[in-house]
Structures are given as structure tokens and as C-alpha cells.
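*Asks:* First the structure, which I've put down as C-alpha cells, then a few questions once you've had a look.
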Amino acid sequence: TANLTGADLFGASFNGTNLQGAMLRDARLYGVRFTFSDLTGVDLLGAEGLTPMAVNNARLCRTRMPDGVVEDRDC
């Protein structure tokens with residue numbers, strides 16, 4: 001499981017990436033795209049810059065969003 005807590009990932013592209021269970025708390029995600037990525041169980045609590053478009057085509061299941069809400073739309 002990747003631990004990217006507090007990482008500055010400006011403009012990174014995670015297209016088609018399996019990030020299941022990754023820790024992205026307090027990460028800076030400005031311009032990041034998670035197109036067709038699996039974000040099952042990912043913790044994004046406190047992450048900055050994440051837009052709805054960035055996760056539009058990502059799998060969200062038990063995904064903790066930056067505001068603390070757990071998203072289960074794809075479970």
C-alpha cells in the first residue's frame with residue numbers, strides 16, 4: 001500500500017492505476033487525474049485541490065474524501 005501522505009503531486013496522472021488502500025492524507029492534488037483508477041479504500045482526508053473531474057471516471061468504494069465523507073458510489 002502506497003503512503004503518499006502530504007505529497008505534492010501537482011499535475012500527476014494516475015490513469016488506470018490501482019491505488020487500493022493508498023494513504024493520500026493532506027496531499028496536494030492540484031491538476032491530478034485519476035481516470036479509470038481504482039481508489040477503493042483510499043484515504044484522501046485533508047487533501048487539497050481535488051476536483052470532481054479528477055475522480056469522475058475513477059472507482060470510488062470506501063474512499064475517504066478530503067472532507068471526511070466516505071464515498072461508496074462504486075461498491
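Labels for the C-alpha cells follow display order: chains A, B, ..., residues from 1 in each chain, ligands from 1.
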Need to verify the contact set: A:Gly68, 8 Å, only C-alpha atoms, exclusion of same-chain residues closer than 5 positions in sequence. Can you return it as a PyMOL selection string?
*Replies:* chain A and resi 44-46
*Asks:* Write out as a PyMOL selection string the residues lying within 10 Å of A:Thr40, counting only C-alpha atoms and excluding same-chain residues fewer than 5 positions away.
*Replies:* chain A and resi 18-22+58-64+71-72+74-75
*Asks:* Hey, what's within 8 Å of stretch 26-32 of chain A if we count only C-alpha atoms and toss same-chain stuff fewer than 3 positions away? As a tab-separated table (two decimals) with N, CA and C atoms, in the first residue's frame, please?
*Replies:*
```
chain	number	residue	atom	x	y	z
A	4	LEU	N	1.43	8.18	0.53
A	4	LEU	CA	1.78	9.45	-0.09
A	4	LEU	C	1.26	10.61	0.76
A	5	THR	N	1.21	10.41	2.05
A	5	THR	CA	0.73	11.44	2.97
A	5	THR	C	1.56	12.71	2.79
A	6	GLY	N	0.84	13.82	2.56
A	6	GLY	CA	1.49	15.11	2.44
A	6	GLY	C	2.27	15.34	1.16
A	7	ALA	N	2.21	14.42	0.22
A	7	ALA	CA	2.98	14.55	-1.02
A	7	ALA	C	2.42	15.66	-1.90
A	8	ASP	N	3.30	16.31	-2.63
A	8	ASP	CA	2.90	17.31	-3.62
A	8	ASP	C	2.89	16.60	-4.97
A	9	LEU	N	1.69	16.29	-5.46
A	9	LEU	CA	1.54	15.51	-6.69
A	9	LEU	C	1.02	16.37	-7.83
A	10	PHE	N	1.33	17.65	-7.82
A	10	PHE	CA	0.84	18.61	-8.81
A	10	PHE	C	0.94	18.06	-10.24
A	11	GLY	N	-0.23	17.98	-10.91
A	11	GLY	CA	-0.28	17.59	-12.31
A	11	GLY	C	-0.03	16.13	-12.60
A	12	ALA	N	0.07	15.29	-11.58
A	12	ALA	CA	0.35	13.87	-11.80
A	12	ALA	C	-0.82	13.18	-12.50
A	13	SER	N	-0.52	12.18	-13.29
A	13	SER	CA	-1.53	11.41	-13.99
A	13	SER	C	-1.48	9.97	-13.49
A	14	PHE	N	-2.57	9.55	-12.87
A	14	PHE	CA	-2.68	8.17	-12.37
A	14	PHE	C	-3.69	7.40	-13.20
A	44	LEU	N	-8.15	10.14	1.44
A	44	LEU	CA	-7.82	11.45	0.90
A	44	LEU	C	-8.10	12.57	1.91
A	45	LEU	N	-8.30	12.22	3.17
A	45	LEU	CA	-8.67	13.19	4.18
A	45	LEU	C	-7.68	14.37	4.20
A	46	GLY	N	-8.21	15.58	4.08
A	46	GLY	CA	-7.40	16.78	4.13
A	46	GLY	C	-6.63	17.10	2.87
A	47	ALA	N	-6.79	16.28	1.82
A	47	ALA	CA	-6.09	16.56	0.56
A	47	ALA	C	-6.61	17.87	-0.04
A	48	GLU	N	-5.73	18.60	-0.69
A	48	GLU	CA	-6.07	19.88	-1.29
A	48	GLU	C	-6.11	19.77	-2.81
A	49	GLY	N	-7.03	20.50	-3.43
A	49	GLY	CA	-7.03	20.65	-4.88
A	49	GLY	C	-7.72	19.55	-5.66
A	50	LEU	N	-8.33	18.58	-4.99
A	50	LEU	CA	-9.00	17.50	-5.71
A	50	LEU	C	-10.33	18.01	-6.26
A	54	ALA	N	-11.46	15.22	-11.49
A	54	ALA	CA	-10.28	14.38	-11.30
A	54	ALA	C	-10.65	12.93	-10.99
```
*Asks:* With only C-alpha atoms as the counted atoms, please give the residues lying no more than 6 Å from A:Phe36, apart from itself and same-chain residues fewer than 4 positions off, as a compact mmCIF listing (two decimals) with all heavy atoms, in the first residue's frame.
*Replies:*
```txt
# COMPACT_ATOMS: atom_id res chain seq x y z
N ASN A 15 -3.69 7.60 -14.50
CA ASN A 15 -4.65 6.95 -15.38
C ASN A 15 -4.51 5.43 -15.33
O ASN A 15 -3.43 4.90 -15.59
CB ASN A 15 -4.48 7.44 -16.81
CG ASN A 15 -4.82 8.91 -16.96
OD1 ASN A 15 -5.58 9.44 -16.15
ND2 ASN A 15 -4.29 9.55 -17.96
N GLY A 16 -5.61 4.76 -14.97
CA GLY A 16 -5.62 3.30 -14.93
C GLY A 16 -4.81 2.68 -13.82
O GLY A 16 -4.49 1.50 -13.86
N ASN A 57 -14.13 9.41 -13.49
CA ASN A 57 -14.13 8.05 -14.04
C ASN A 57 -13.33 7.07 -13.19
O ASN A 57 -12.97 6.00 -13.65
CB ASN A 57 -13.58 8.06 -15.47
CG ASN A 57 -14.52 8.75 -16.42
OD1 ASN A 57 -15.70 8.46 -16.45
ND2 ASN A 57 -14.01 9.70 -17.18
N ALA A 58 -13.06 7.45 -11.96
CA ALA A 58 -12.33 6.56 -11.05
C ALA A 58 -13.31 5.69 -10.27
O ALA A 58 -14.49 6.05 -10.11
CB ALA A 58 -11.49 7.39 -10.07
```
*Asks:* For a test of reading the model, state the distance in Å between atom CA of A:Ala2 and atom CA of A:Asp43, rounded to one decimal.
*Replies:* 10.8 Å
*Asks:* Taking only C-alpha atoms into account, which of A:Thr17, A:Asp67, A:Arg73, A:Arg25 comes nearest A:Val42?
*Replies:* A:Arg25
*Asks:* What does the structure give for the distance between atom CA of A:Val70 and atom CA of A:Thr35, in Å to one decimal?
*Replies:*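 It comes out at 19.2 Å.
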